[in-house]
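In what follows, a structure is listed as structure tokens, so that the remarks can point back to it.
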Amino acid sequence: MDNTVIVIGGNGFIGFSVIIELLRRKINVKYLDINWPEDQFRYDSVEYCIGDIWDNKFFQKALKGVSCVMDFVSTSMPNTNDISLNNEINNTLRYHDYILSTMNYCNISKYIFPSSGGAIYGNKEFGFAYETDVLRPTTPYGVGKQMTEEIIRYYYEKCGISACILRIGNVYGSPRIRSKAQGVIDVFIQNALRGEKITIWGNARSSVRDYIYLEDVAVSIADICQTDFNDLRIYNVGTGIGTNLMQIINLIEEKLGKEVQCDYKEFMASGINSIVLSNDKIANEIGWKAKVSLDEGIRRTIETKRSLLNV
Ligand SMILES: NC(=O)c1ccc[n+]([C@@H]2O[C@H](COP(=O)([O-])OP(=O)(O)OC[C@H]3O[C@@H](n4cnc5c(N)ncnc54)[C@H](O)[C@@H]3O)[C@@H](O)[C@H]2O)c1
């Protein structure tokens, strides 16, 4: 069997960094996205498949010679005021059924899926979230992830597609400037560097999340890819450390050496105060641990964005 990995959504926030880590390890990579990456991020050793994944002929052709599918196409956004599950049912679930049934048709039996550690457990004010906990998502995005995990279980049991589901924390530290920055830390830093106000939704002190540096996430995914799993696994991918928004603002101010302007707004889309992930399972079974501290990650992110924004 060929050892080529296809990264679907290779031009995205997570997919792009995963490709860099796979190339560092000399793993054969195919890139699938509706868009080309910017010129400076194209690599000779990568096979580029540019097109819409919903074009089944194109998708099947891209899957030729592939042994593992990593799926970083986003089908919905975490922060929405929507109550309805319409998008999750008609888009997210339909999408994953399509991906897994096409993989089954093409005899590909290894799948890596980024679920959400931040949205799938619900509120966890008293202690860590463990992979075995009952899931109580409070947003359509979280419910979509929970239902997708069920679809993955179904294809594992019915068709033998091995899968690794990663419940990832709140990711930050993109090495690129996109038209729309993703995640609170990237948005805060981008705004602060441009001298723009930072909008804080909800209570800055009680809103606690597990923030993880993008490079650490990419390493965890590459580590898993190199583990020859042939079962169904679920791992949290976080730091095990909870941080509130005020602490993030303070760190950014400290690194920039200046005060940042904040605009406080009373609103919380998710209704989740606190969520911190236990990483015991992935540490024990794969030997992966986050390496970059928040202090260091924010310092690096400011440095990268400073040079990209030329400020
Ligand atoms: N960003 C986070 O903090 C985070 C945390 C946990 C889980 N996740 C999950 O990771 C996954 C990737 O998230 P992201 O933030 O990197 O997403 P993203 O929006 O940055 O990237 C998605 C990529 O998919 C491509 N794409 C979209 N539709 C396509 C189509 N029809 N055909 C081909 N390509 C298409 C886009 O062009 C884009 O490059 C999502 O499932 C998300 O829920 C993200």
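Letters A, B, ... go to the chains of the structure tokens in the order shown; residues in each chain start at 1; ligands are counted from 1 in the same order.
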- Message: Give me the residues near range 288-303 of chain A as a list in words, where near means some atom within 6 Å (using only C-alpha atoms) and where sequence neighbours in that chain fewer than 5 positions away do not count.
- Response: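 Listed by chain and then number, they are Gly173, Asp216, Thr239 and Ala283 of chain A.
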- Contacts to ligand 1 at 8 Å cut-off (only C-alpha atoms and all ligand atoms) as a ChimeraX atom specification: /A:8-16,32-35,50-54,71-78,113-118,141,145,166-172,182-183
- Message: Taking only C-alpha atoms into account, name the residue in A:Tyr105, A:Tyr31, A:Tyr155, A:Tyr264 that is nearest to Leu232 in chain A.
- Response: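 Of A:Tyr105, A:Tyr31, A:Tyr155, A:Tyr264, the one nearest Leu232 in chain A is A:Tyr155, counting only C-alpha atoms.
Between CA of Ile161 in chain A and CA of Ile282 in chain A the separation is 20.6 Å.
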- Excluding same-chain residues fewer than 6 positions from Leu193 in chain A, what lies within 9 Å of it counting only C-alpha atoms, as an NGL selection string? :A and (256 or 302 or 305-306 or 309 or 311)
- Task: Can you pull out every residue within 10 Å of Val208 in chain A, counting only C-alpha atoms, but drop anything in the same chain fewer than 6 positions away, and send it as a count of residues only?
- Result: 14
- Skipping near chain neighbours, those fewer than 3 positions away, what residues fall within 8 Å of range 219-226 of chain A using only C-alpha atoms, listed as a PyMOL selection string? chain A and resi 18+21-22+68+112+164+215-216+229+237+286+288-289
Residues as selected, C-alpha atoms, written as a PDB file, in the first residue's frame, can you do that?
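To be explicit, this is the file written out as again06.pdb:
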ATOM      1  CA  VAL A  18      -0.178  19.890   9.089  1.00  0.00           C
ATOM      2  CA  GLU A  21       4.886  19.092   9.553  1.00  0.00           C
ATOM      3  CA  LEU A  22       4.302  16.077   7.259  1.00  0.00           C
ATOM      4  CA  CYS A  68      -4.751   8.010   4.853  1.00  0.00           C
ATOM      5  CA  ILE A 112      -8.090  11.493  10.795  1.00  0.00           C
ATOM      6  CA  CYS A 164      -8.591   8.844  14.895  1.00  0.00           C
ATOM      7  CA  GLU A 215       2.439  23.889  15.554  1.00  0.00           C
ATOM      8  CA  ASP A 216       1.771  21.635  18.565  1.00  0.00           C
ATOM      9  CA  PHE A 229      -3.597   2.541  14.146  1.00  0.00           C
ATOM     10  CA  VAL A 237      -5.429  17.603  22.055  1.00  0.00           C
ATOM     11  CA  ILE A 286       1.146   8.216  21.702  1.00  0.00           C
ATOM     12  CA  TRP A 288       2.538  13.468  22.593  1.00  0.00           C
ATOM     13  CA  LYS A 289       2.513  16.566  24.817  1.00  0.00           C
TER      14      LYS A 289
END
